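Student: Quick one: structure below, then a few questions.
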Amino acid sequence: PLSKSALKKLAKGKGKDKKPKDKNFGKVDPEKAAKKAAEKAAKAKAKADALAAEEALVVDTPHGDKKIMTDTMASAYKPEMVEKAWQEWWEKSGFYSADAEAGKAAGEEGRFVIVIPPPNVTGSLHLGHALTAAIEDTLTRWHRMKGDVTLYVPGTDHAGIATQSIVEKMLVRDQGINRHDLGREKFLEKVWEWKDQYGSRICRQIRELGSSVDWSREAFTMDDKCSKAVVEAFCRFHEDGILFRDKRLINWSCKLKSAISDIEVDHEDIEGGVMRSVPGHTKQDKYQFGMFTEFAYKVSGSDEEIIVATTRLETMLGDTAVAVHPEDPRYKHLHGKFVDHPFHDRKIPIILDDVLVDMNLGTGAVKITPAHDPNDYECGIRHKLPFITIFTPDGIVNSEGAQFEGMMRYDARVAVEEALKEVGLLKDKYPKPMKLGFCSRSGDVIEPMIMPQWFVDCDNMAKRAMDAVKDGELRILPEMHVSTWNHWLSNSRPWCVSRQLWWGHRIPAYFACTKAEEGVIDQNANDHKNRWIVARSEPVARTKAAALLGVPESEVVLNQDEDVLDTWFSSGLFPFSVMGWPDQTADLSGFFPTSLLETGLDILFFWVARMVMMSLQLTDKLPFKDVYLHAMVRDKEGRKMSKSLGNVIDPLEVIHGCTLDTLYAKLQSGNLASKEVAKAEAAFKADFEADGGIPACGADALRIGLLAYTVQGRDINLDIKRVVGYRSFCNKLWQGTRFLLGCFGEFMPTDVMRSTILDVASTRDRFILSKLNTCIRETTQCLTEYEFGKSVQVLQSFFVGTLCDVYLELIKPVVHNKDDAVGANQAKATLWLCLDSFLKLLHPICPFVTEELWQRLPGRGSLAGEAESIMIAGWPVADPSWDNTAAEDSTALVLDCIGAARSLRHENKLKDKVPADFFIACSSQDSTDSITAQIADFTTLSTAKTVTMLVAPAEPPMKCSLKIVTDSVKVYVNCAGMVDKSSEIAKCNKEIKMLTPLIKKLEAKMANPKYLETAPPATVDKDRSKLREYAGKKEEAEKTLKSLQ
């Protein structure tokens, strides 16, 4: 018997004839296969031929020569082709250089000078640097084109800690040795070797970004010129009495064994109880942070206890007081008493402090460790407490640590807790979220330590810097940052300028003693601070020391300070040290003070304020007139760009392109959790999988994309995909200009063309020249006010929305009209002037593509006094005679009429290429005159067979469809014989049906006295206007309907 399944199949097939099997099924038709193969081969050959043709357009140019360009342009924008050779030619031609004598003669108002914020020589530029470069070079190129004497100084920073760390790691990895094995001199030789080998990457990036810097003046903060300035500044500060040596609390990295600056401390919010690894600690893999530990001190001579709490339990070994609030009733009876330290034979005073202690928090008692906490340090000064340092420079508990001596600091934390528990003094322990400081270079947890260091008193300098802004001598832009400027400078503290490193500017200070004292006297003792001799050279120091000690120079022993200066010290001198200060050089007199300092707002205090303070102190001049602070560049999620997050993008990866695999590898090399890596990979895949990664965009697209993002004073959440999108604009520019160039034919510009351009200009010509004037003024204003994003919008709008979409469309039939040579030549001359000016306006932002296209304009090189390059061509200036609001309004009206005509075609399903009869009814003479003057433009762009101007009471023929343009202008198209009568009737009925209730509603309002009395006059007027509009439309629809019936 058949199964149920077989029965169902049989039932389904009942009554159906079985389809005969195709005997040829699966066989290949040789003829069809051969045809298909031939078509495929033809396509492949065409593609190969096109590729070969494009490759033939690339001509190798000898290095430094002007780029050799073929007559034929590539069909699409190829940044690697366009940007080739121009930078080398610009440099070799000396376009970037500036003459110091010319700068001096021009004065501050006639020159533009800017120094690059020197990036660290250790690394490579990221997109934040690229934004800096884009802004600075845009301004530099603009000023150069304006005719100002222009200088843009490049340079790099020696980056003390970062560079030393890299070379030390390299030595350990490659040779298994450290710097101490080599000794100072040999180690520094290794660092210089590394710098010479790897330090050029930044220069390559700067060049590829198109920055027009004067490479002949390239500076390095440890070159001879800058080093001389550093020594001079240090000595002058000492002579002025604002530089001194003292033991004070500073940020200390036990891993680096050096003081570090505030900007090199990364403050991280951590959850309570989090486990973290710590450099130098090997007893445990990780240590616990964010725990509040309560323990007790016994009051001397009694069984009473006073409970304190801390997140850094190990520091109790250095406690020298317990503080309570003087008004706290709980501890009134303990005023003047002492507590016993459980691990030391010393008594600790109970002190009264209403500054540090809040009696409403915790137990109201606070342990005081003046040598290891900033707040406790201030308290210790107020109460003249002992300052007990409990750690060695490498973070090991010293002899002040009792039985914990020799332990690493966080091993001591664990041991102290166990010991307190054993003696019954440990009371509680619970999680407490906290902010923890990490060394950005080593990852080490920062330890506040009291160390002998060199400090600069900044009080007077800070006041002068604030006064300069207050008095308007120095502008901070955007102005919202002035409050931050004043806050930081009004709370300035002595600046710790010494670092315990080998790489950097060695401090020009010498400890002096006699031969008899050598090896005996302590150079860090406060009693011997006067033995430190600050001098410009060792011989000068020896002479000073002999006079101080009252012995012959032969009896003097000098030991130069082993420390080096904070990197920010040399960076703070950069605007004038690169000009040759302290020597009175031609550059110093010709280019200092500079004009502008442009940088990120994150280093407003660390660098900008110090430059201002140091310049005022050392030169009695401000280093620049304006400070422009661009927004911080973050990723599209709003996170800071960081290698540890894997979200840092190298500008060259955008310029030349980058594969997905490379982007993934960068994520894997960071410290992101696997979940975050997967999330980031998915984002990269979504954004760039179609292109296989970041496509090659070129420097121009990167620059304009970054500038388009700028909004003053706000963080930039940068979506790389949006920046990549500006490659499309460059492609539009390329292809649009390529098409425009095709309009010129044999046209050649003349020297008198600009002055005679209005002689026979049509309305359309006057329209575009007036629009060009507006573009020139707005672009210039944007650059003057640092509104870079707005300038991008202005330029895009003019080129795409006005020049290409409007003027080009209007002149297409004109430029090819052999019967009107005058009109054709006029249109070409106007187009040439517009293209020439526009490319100049865009050049500061997109230097490469504008040079390439500008050089391709017909007649290039034939005009009198013409510049060799666009970058030294004159900046466009608006010509008042070109201003013509009437032409703009007239053309705008005609364009609206053209839009109405095209809408009528679409609504009535008229084919675009089939000419139609149009009628234009105008109720004002101005409208009639405007449209009549450009009737040819309307005819061309509307594909009109005839255009008839109707003057009242003339009416259009029956069977016309209507579009109302304005209250005074209506456009009709004659649909007789061209449209489906039934569909047109249906359309009219639909419109009448829609308008009827609207009209009734408005008529009811107008008939209501209460509404007319209570409603705002503006609202009533608006409703009356709507009623007229709707009634007019309904009347026209009824007329059209009547003509069709």
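Order determines the names: the first chain of the structure tokens is A, the second B, and so forth; residues in each chain are numbered 1 upward, and ligands are numbered 1 upward as they are shown.
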Can you tell me which residues surround A:Trp854 at a distance of at most 8 Å, considering only C-alpha atoms, apart from same-chain residues fewer than 5 positions away, and format the answer as an NGL selection string?
Tutor: :A and (836 or 839 or 870)
Student: For those residues, write N, CA, C and O atoms to a file as a short mmCIF file (atom, residue, chain, number, x, y, z; two decimals), in the first residue's frame.
Tutor:
data_model
loop_
_atom_site.label_atom_id
_atom_site.label_comp_id
_atom_site.auth_asym_id
_atom_site.auth_seq_id
_atom_site.Cartn_x
_atom_site.Cartn_y
_atom_site.Cartn_z
N ASP A 836 38.53 81.11 -11.63
CA ASP A 836 39.81 81.60 -11.14
C ASP A 836 39.67 82.09 -9.70
O ASP A 836 40.47 81.72 -8.83
N LEU A 839 38.71 79.08 -7.14
CA LEU A 839 39.84 78.20 -6.81
C LEU A 839 40.81 78.89 -5.85
O LEU A 839 41.38 78.25 -4.97
N ILE A 870 49.21 79.25 -7.69
CA ILE A 870 48.02 79.78 -7.05
C ILE A 870 48.32 80.22 -5.62
O ILE A 870 47.70 81.15 -5.10
#
Student: Can you tell me which residues surround A:Pro342 at a distance of at most 9 Å, considering only C-alpha atoms, apart from same-chain residues fewer than 5 positions away, and format the answer as a PyMOL selection string?
Tutor: chain A and resi 297-298+420+423+425
Student: Go through A:Phe438, A:Lys1005, A:Lys636, A:Lys990 one by one, measure the shortest atom-to-atom distance of each to A:Asp1021 using only C-alpha atoms, and give the residue with the smallest value.
Tutor: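 Checking each candidate against A:Asp1021, we get A:Lys1005 as the closest.
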Student: Need the shell around stretch 822-830 of chain A: protein/DNA/RNA residues with any atom at most 8 Å away, counting only C-alpha atoms. Skip same-chain ones fewer than 3 positions apart. Format as a PyMOL selection string?
Tutor: chain A and resi 743-744+747+749+753+757+760-761+765+769+811+814-818+833-834
Student: Next, write the just-selected residues to a file, as a short mmCIF file (atom, residue, chain, number, x, y, z; two decimals), in the first residue's frame, keeping all heavy atoms as the atom set.
Tutor:
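Done, and the output landed in selection-v8.cif:
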data_model
loop_
_atom_site.label_atom_id
_atom_site.label_comp_id
_atom_site.auth_asym_id
_atom_site.auth_seq_id
_atom_site.Cartn_x
_atom_site.Cartn_y
_atom_site.Cartn_z
N CYS A 743 33.87 73.86 -21.58
CA CYS A 743 33.04 74.91 -22.19
C CYS A 743 33.87 75.98 -22.88
O CYS A 743 33.33 76.77 -23.67
CB CYS A 743 32.17 75.57 -21.11
SG CYS A 743 30.95 74.48 -20.37
N PHE A 744 35.17 76.04 -22.59
CA PHE A 744 35.96 77.18 -23.06
C PHE A 744 36.35 77.10 -24.54
O PHE A 744 36.48 78.13 -25.21
CB PHE A 744 37.23 77.33 -22.21
CG PHE A 744 36.96 77.85 -20.82
CD1 PHE A 744 37.19 77.07 -19.71
CD2 PHE A 744 36.47 79.13 -20.65
CE1 PHE A 744 36.94 77.55 -18.44
CE2 PHE A 744 36.21 79.63 -19.38
CZ PHE A 744 36.45 78.83 -18.27
N PHE A 747 38.77 79.65 -26.23
CA PHE A 747 38.77 80.92 -25.48
C PHE A 747 40.11 81.15 -24.78
O PHE A 747 40.71 80.22 -24.24
CB PHE A 747 37.65 80.90 -24.44
CG PHE A 747 37.71 82.04 -23.47
CD1 PHE A 747 37.22 83.29 -23.81
CD2 PHE A 747 38.30 81.88 -22.22
CE1 PHE A 747 37.29 84.35 -22.91
CE2 PHE A 747 38.38 82.91 -21.32
CZ PHE A 747 37.86 84.17 -21.67
N PRO A 749 41.85 84.15 -22.02
CA PRO A 749 41.60 85.36 -21.23
C PRO A 749 42.52 86.51 -21.69
O PRO A 749 43.55 86.27 -22.31
CB PRO A 749 41.94 84.92 -19.81
CG PRO A 749 42.96 83.84 -19.99
CD PRO A 749 42.57 83.13 -21.25
N MET A 753 40.18 91.87 -19.44
CA MET A 753 38.92 91.15 -19.32
C MET A 753 38.16 91.51 -18.04
O MET A 753 36.94 91.75 -18.07
CB MET A 753 39.21 89.65 -19.34
CG MET A 753 38.00 88.75 -19.32
SD MET A 753 38.47 87.03 -19.58
CE MET A 753 39.38 86.68 -18.06
N ILE A 757 34.40 93.38 -18.08
CA ILE A 757 33.48 92.24 -18.04
C ILE A 757 32.01 92.67 -18.01
O ILE A 757 31.13 91.93 -18.47
CB ILE A 757 33.79 91.33 -16.83
CG1 ILE A 757 33.08 89.98 -16.96
CG2 ILE A 757 33.42 92.01 -15.52
CD1 ILE A 757 33.56 89.15 -18.11
N VAL A 760 29.18 94.16 -21.80
CA VAL A 760 28.08 93.53 -22.54
C VAL A 760 27.49 92.37 -21.74
O VAL A 760 26.96 91.41 -22.32
CB VAL A 760 28.54 93.03 -23.93
CG1 VAL A 760 28.86 94.19 -24.84
CG2 VAL A 760 29.75 92.09 -23.80
N ALA A 761 27.58 92.47 -20.41
CA ALA A 761 27.13 91.37 -19.55
C ALA A 761 25.62 91.23 -19.58
O ALA A 761 24.88 92.22 -19.55
CB ALA A 761 27.61 91.59 -18.12
N ASP A 765 25.02 86.86 -16.28
CA ASP A 765 26.42 87.15 -15.97
C ASP A 765 26.53 88.07 -14.76
O ASP A 765 27.36 87.87 -13.87
CB ASP A 765 27.11 87.81 -17.17
CG ASP A 765 27.09 86.93 -18.41
OD1 ASP A 765 27.12 85.70 -18.25
OD2 ASP A 765 27.03 87.48 -19.53
N LEU A 769 28.35 87.15 -11.07
CA LEU A 769 29.42 88.01 -10.56
C LEU A 769 29.03 88.63 -9.22
O LEU A 769 29.88 88.78 -8.33
CB LEU A 769 29.74 89.11 -11.58
CG LEU A 769 30.40 88.63 -12.88
CD1 LEU A 769 30.50 89.77 -13.88
CD2 LEU A 769 31.78 88.04 -12.61
N ILE A 811 24.26 78.81 -19.10
CA ILE A 811 25.16 79.17 -20.22
C ILE A 811 25.46 78.01 -21.17
O ILE A 811 26.12 78.21 -22.19
CB ILE A 811 26.49 79.76 -19.70
CG1 ILE A 811 27.29 78.71 -18.92
CG2 ILE A 811 26.25 81.01 -18.88
CD1 ILE A 811 28.72 79.13 -18.62
N VAL A 814 24.62 78.83 -24.52
CA VAL A 814 25.24 80.08 -24.96
C VAL A 814 26.68 79.86 -25.41
O VAL A 814 27.10 80.35 -26.46
CB VAL A 814 25.20 81.13 -23.81
CG1 VAL A 814 25.87 82.43 -24.25
CG2 VAL A 814 23.78 81.37 -23.36
N VAL A 815 27.45 79.12 -24.64
CA VAL A 815 28.88 78.96 -24.95
C VAL A 815 29.11 78.18 -26.24
O VAL A 815 30.19 78.28 -26.84
CB VAL A 815 29.63 78.28 -23.78
CG1 VAL A 815 29.63 79.16 -22.56
CG2 VAL A 815 29.04 76.91 -23.47
N HIS A 816 28.12 77.42 -26.66
CA HIS A 816 28.27 76.63 -27.90
C HIS A 816 27.49 77.24 -29.06
O HIS A 816 27.35 76.62 -30.11
CB HIS A 816 27.80 75.19 -27.65
CG HIS A 816 28.58 74.48 -26.59
ND1 HIS A 816 29.93 74.23 -26.71
CD2 HIS A 816 28.21 73.98 -25.38
CE1 HIS A 816 30.36 73.59 -25.62
NE2 HIS A 816 29.33 73.44 -24.80
N ASN A 817 26.98 78.45 -28.87
CA ASN A 817 26.19 79.12 -29.91
C ASN A 817 27.12 79.85 -30.88
O ASN A 817 27.65 80.92 -30.58
CB ASN A 817 25.21 80.11 -29.26
CG ASN A 817 24.23 80.68 -30.27
OD1 ASN A 817 24.36 80.48 -31.48
ND2 ASN A 817 23.25 81.41 -29.77
N LYS A 818 27.30 79.27 -32.05
CA LYS A 818 28.20 79.86 -33.05
C LYS A 818 27.62 81.11 -33.70
O LYS A 818 28.34 81.91 -34.30
CB LYS A 818 28.53 78.83 -34.13
CG LYS A 818 29.29 77.63 -33.60
CD LYS A 818 29.59 76.63 -34.71
CE LYS A 818 30.34 75.43 -34.16
NZ LYS A 818 30.62 74.41 -35.23
N LEU A 833 36.53 84.00 -14.92
CA LEU A 833 36.75 84.83 -13.74
C LEU A 833 36.19 84.16 -12.47
O LEU A 833 36.82 84.20 -11.41
CB LEU A 833 36.09 86.20 -13.92
CG LEU A 833 36.75 87.14 -14.91
CD1 LEU A 833 35.89 88.37 -15.14
CD2 LEU A 833 38.15 87.55 -14.43
N CYS A 834 35.04 83.53 -12.60
CA CYS A 834 34.44 82.84 -11.46
C CYS A 834 35.28 81.65 -11.01
O CYS A 834 35.53 81.47 -9.81
CB CYS A 834 33.02 82.37 -11.80
SG CYS A 834 31.83 83.71 -11.93
#
Student: Counting only C-alpha atoms, what is within 9 Å of A:Ser211, bar same-chain residues fewer than 3 positions away, as a list in words?
Tutor: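 Selected residues are Gln87, Ala133, Ala134, Glu136, Asp137, Thr138, Thr140, Arg141, Tyr152, Ile206, Arg207 and Glu208 of chain A.
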Student: Please list as a compact mmCIF listing (two decimals) with all heavy atoms, in the first residue's frame every residue within 6 Å of A:Gly272, counting only C-alpha atoms and excluding residues in the same chain fewer than 5 positions away.
Tutor:
# COMPACT_ATOMS: atom_id res chain seq x y z
N GLY A 290 40.74 51.68 46.00
CA GLY A 290 39.39 52.15 46.23
C GLY A 290 38.74 51.49 47.44
O GLY A 290 37.54 51.25 47.43
N MET A 291 39.56 51.24 48.46
CA MET A 291 39.02 50.68 49.71
C MET A 291 39.28 51.67 50.85
O MET A 291 40.39 52.17 51.01
CB MET A 291 39.68 49.34 50.03
CG MET A 291 39.40 48.26 49.01
SD MET A 291 37.64 47.85 48.85
CE MET A 291 37.29 47.12 50.45
N PRO A 431 34.41 49.34 50.31
CA PRO A 431 34.73 49.98 49.02
C PRO A 431 34.38 51.47 49.03
O PRO A 431 33.39 51.88 49.62
CB PRO A 431 33.85 49.22 48.01
CG PRO A 431 33.48 47.95 48.70
CD PRO A 431 33.40 48.27 50.16
N LYS A 432 35.22 52.25 48.35
CA LYS A 432 34.97 53.69 48.19
C LYS A 432 35.50 54.12 46.82
O LYS A 432 36.71 54.14 46.60
CB LYS A 432 35.67 54.48 49.29
CG LYS A 432 35.44 56.00 49.17
CD LYS A 432 36.11 56.74 50.31
CE LYS A 432 36.01 58.25 50.13
NZ LYS A 432 34.61 58.72 50.09
N PRO A 433 34.60 54.44 45.89
CA PRO A 433 35.05 54.94 44.57
C PRO A 433 35.95 56.16 44.77
O PRO A 433 35.72 56.99 45.66
CB PRO A 433 33.75 55.32 43.85
CG PRO A 433 32.70 54.50 44.53
CD PRO A 433 33.12 54.40 45.97
Student: Do you know which residues are at most 12 Å from A:Arg346 counting only C-alpha atoms, after dropping those on the same chain fewer than 6 positions away, and could you put them as JSON, numbers by chain?
Tutor: {"A": [300, 317, 318, 319, 320, 321, 338, 339, 340, 386, 400, 402]}
Student: With N, CA, C and O atoms kept, could you save the residues just selected as a tab-separated table (two decimals), in the first residue's frame?
Tutor:
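Printed below is part-v2.tsv as written:
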chain	number	residue	atom	x	y	z
A	300	SER	N	47.35	58.61	73.98
A	300	SER	CA	48.46	58.39	74.92
A	300	SER	C	47.97	58.47	76.36
A	300	SER	O	47.22	59.38	76.72
A	317	LEU	N	52.36	55.08	58.02
A	317	LEU	CA	53.73	54.98	58.55
A	317	LEU	C	54.39	56.36	58.62
A	317	LEU	O	55.35	56.55	59.37
A	318	GLY	N	53.89	57.31	57.84
A	318	GLY	CA	54.45	58.66	57.86
A	318	GLY	C	53.54	59.68	58.52
A	318	GLY	O	53.75	60.90	58.38
A	319	ASP	N	52.49	59.22	59.26
A	319	ASP	CA	51.59	60.15	59.93
A	319	ASP	C	52.34	60.94	61.00
A	319	ASP	O	53.11	60.36	61.80
A	320	THR	N	52.07	62.24	61.05
A	320	THR	CA	52.71	63.08	62.09
A	320	THR	C	51.67	63.88	62.87
A	320	THR	O	52.04	64.73	63.70
A	321	ALA	N	50.37	63.64	62.61
A	321	ALA	CA	49.32	64.30	63.38
A	321	ALA	C	47.99	63.63	63.09
A	321	ALA	O	47.82	62.93	62.09
A	338	PHE	N	47.90	63.58	72.71
A	338	PHE	CA	48.68	62.85	71.71
A	338	PHE	C	48.10	61.46	71.54
A	338	PHE	O	47.38	60.95	72.41
A	339	VAL	N	48.41	60.84	70.40
A	339	VAL	CA	48.12	59.42	70.21
A	339	VAL	C	49.43	58.70	69.98
A	339	VAL	O	50.45	59.30	69.60
A	340	ASP	N	49.41	57.40	70.21
A	340	ASP	CA	50.62	56.58	70.05
A	340	ASP	C	50.61	55.91	68.68
A	340	ASP	O	49.60	55.33	68.27
A	386	PRO	N	56.30	67.80	61.44
A	386	PRO	CA	57.41	67.11	60.78
A	386	PRO	C	56.94	66.51	59.45
A	386	PRO	O	55.80	66.07	59.34
A	400	GLU	N	62.13	54.68	57.79
A	400	GLU	CA	61.04	55.25	58.59
A	400	GLU	C	59.85	54.30	58.66
A	400	GLU	O	58.86	54.59	59.33
A	402	ALA	N	59.63	51.23	59.96
A	402	ALA	CA	59.66	50.22	61.02
A	402	ALA	C	59.87	48.83	60.43
A	402	ALA	O	60.74	48.65	59.57
Student: Could you give me, as a PDB file with N, CA, C and O atoms, in the first residue's frame, each residue of stretch 625-810 of chain A that DSSP assigns to strand (DSSP E) when run on this structure's backbone?
Tutor:
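The resulting file, part-v1.pdb, is reproduced below:
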ATOM      1  N   ASP A 626      46.874  86.892  19.298  1.00  0.00           N
ATOM      2  CA  ASP A 626      45.663  86.073  19.397  1.00  0.00           C
ATOM      3  C   ASP A 626      46.018  84.655  19.802  1.00  0.00           C
ATOM      4  O   ASP A 626      47.055  84.117  19.381  1.00  0.00           O
ATOM      5  N   VAL A 627      45.141  84.069  20.609  1.00  0.00           N
ATOM      6  CA  VAL A 627      45.216  82.638  20.904  1.00  0.00           C
ATOM      7  C   VAL A 627      43.898  82.045  20.445  1.00  0.00           C
ATOM      8  O   VAL A 627      42.833  82.412  20.954  1.00  0.00           O
ATOM      9  N   TYR A 628      43.959  81.166  19.437  1.00  0.00           N
ATOM     10  CA  TYR A 628      42.738  80.496  18.976  1.00  0.00           C
ATOM     11  C   TYR A 628      42.801  79.037  19.419  1.00  0.00           C
ATOM     12  O   TYR A 628      43.739  78.307  19.085  1.00  0.00           O
ATOM     13  N   LEU A 629      41.803  78.636  20.201  1.00  0.00           N
ATOM     14  CA  LEU A 629      41.765  77.287  20.751  1.00  0.00           C
ATOM     15  C   LEU A 629      40.707  76.470  20.024  1.00  0.00           C
ATOM     16  O   LEU A 629      39.511  76.763  20.122  1.00  0.00           O
ATOM     17  N   HIS A 630      41.161  75.479  19.259  1.00  0.00           N
ATOM     18  CA  HIS A 630      40.173  74.648  18.572  1.00  0.00           C
ATOM     19  C   HIS A 630      39.629  73.585  19.529  1.00  0.00           C
ATOM     20  O   HIS A 630      40.207  73.307  20.579  1.00  0.00           O
ATOM     21  N   VAL A 633      39.349  66.957  19.609  1.00  0.00           N
ATOM     22  CA  VAL A 633      38.879  65.929  18.678  1.00  0.00           C
ATOM     23  C   VAL A 633      38.720  64.614  19.435  1.00  0.00           C
ATOM     24  O   VAL A 633      39.678  64.083  20.001  1.00  0.00           O
ATOM     25  N   ARG A 634      37.494  64.114  19.454  1.00  0.00           N
ATOM     26  CA  ARG A 634      37.201  62.827  20.088  1.00  0.00           C
ATOM     27  C   ARG A 634      36.642  61.872  19.031  1.00  0.00           C
ATOM     28  O   ARG A 634      36.365  62.296  17.904  1.00  0.00           O
ATOM     29  N   ASP A 635      36.485  60.602  19.391  1.00  0.00           N
ATOM     30  CA  ASP A 635      35.903  59.693  18.412  1.00  0.00           C
ATOM     31  C   ASP A 635      34.388  59.905  18.374  1.00  0.00           C
ATOM     32  O   ASP A 635      33.836  60.709  19.134  1.00  0.00           O
ATOM     33  N   CYS A 658      43.554  52.767   4.304  1.00  0.00           N
ATOM     34  CA  CYS A 658      43.974  51.807   5.332  1.00  0.00           C
ATOM     35  C   CYS A 658      43.037  50.610   5.276  1.00  0.00           C
ATOM     36  O   CYS A 658      41.810  50.771   5.213  1.00  0.00           O
ATOM     37  N   THR A 659      43.580  49.411   5.288  1.00  0.00           N
ATOM     38  CA  THR A 659      42.759  48.210   5.188  1.00  0.00           C
ATOM     39  C   THR A 659      42.036  47.927   6.504  1.00  0.00           C
ATOM     40  O   THR A 659      42.453  48.374   7.574  1.00  0.00           O
ATOM     41  N   GLY A 693      38.098  48.958   3.943  1.00  0.00           N
ATOM     42  CA  GLY A 693      38.869  49.783   4.878  1.00  0.00           C
ATOM     43  C   GLY A 693      38.578  51.244   4.623  1.00  0.00           C
ATOM     44  O   GLY A 693      37.582  51.598   3.980  1.00  0.00           O
ATOM     45  N   ILE A 694      39.449  52.099   5.127  1.00  0.00           N
ATOM     46  CA  ILE A 694      39.296  53.529   4.844  1.00  0.00           C
ATOM     47  C   ILE A 694      39.838  53.779   3.442  1.00  0.00           C
ATOM     48  O   ILE A 694      41.006  53.507   3.169  1.00  0.00           O
ATOM     49  N   ILE A 716      34.703  67.925  19.290  1.00  0.00           N
ATOM     50  CA  ILE A 716      34.345  67.364  17.989  1.00  0.00           C
ATOM     51  C   ILE A 716      34.281  65.851  18.134  1.00  0.00           C
ATOM     52  O   ILE A 716      35.296  65.199  18.384  1.00  0.00           O
ATOM     53  N   ASN A 717      33.077  65.295  18.031  1.00  0.00           N
ATOM     54  CA  ASN A 717      32.926  63.841  18.013  1.00  0.00           C
ATOM     55  C   ASN A 717      33.073  63.390  16.562  1.00  0.00           C
ATOM     56  O   ASN A 717      32.118  63.421  15.793  1.00  0.00           O
ATOM     57  N   LEU A 718      34.279  63.014  16.227  1.00  0.00           N
ATOM     58  CA  LEU A 718      34.658  62.837  14.829  1.00  0.00           C
ATOM     59  C   LEU A 718      34.272  61.471  14.291  1.00  0.00           C
ATOM     60  O   LEU A 718      34.722  60.450  14.785  1.00  0.00           O
TER      61      LEU A 718
END
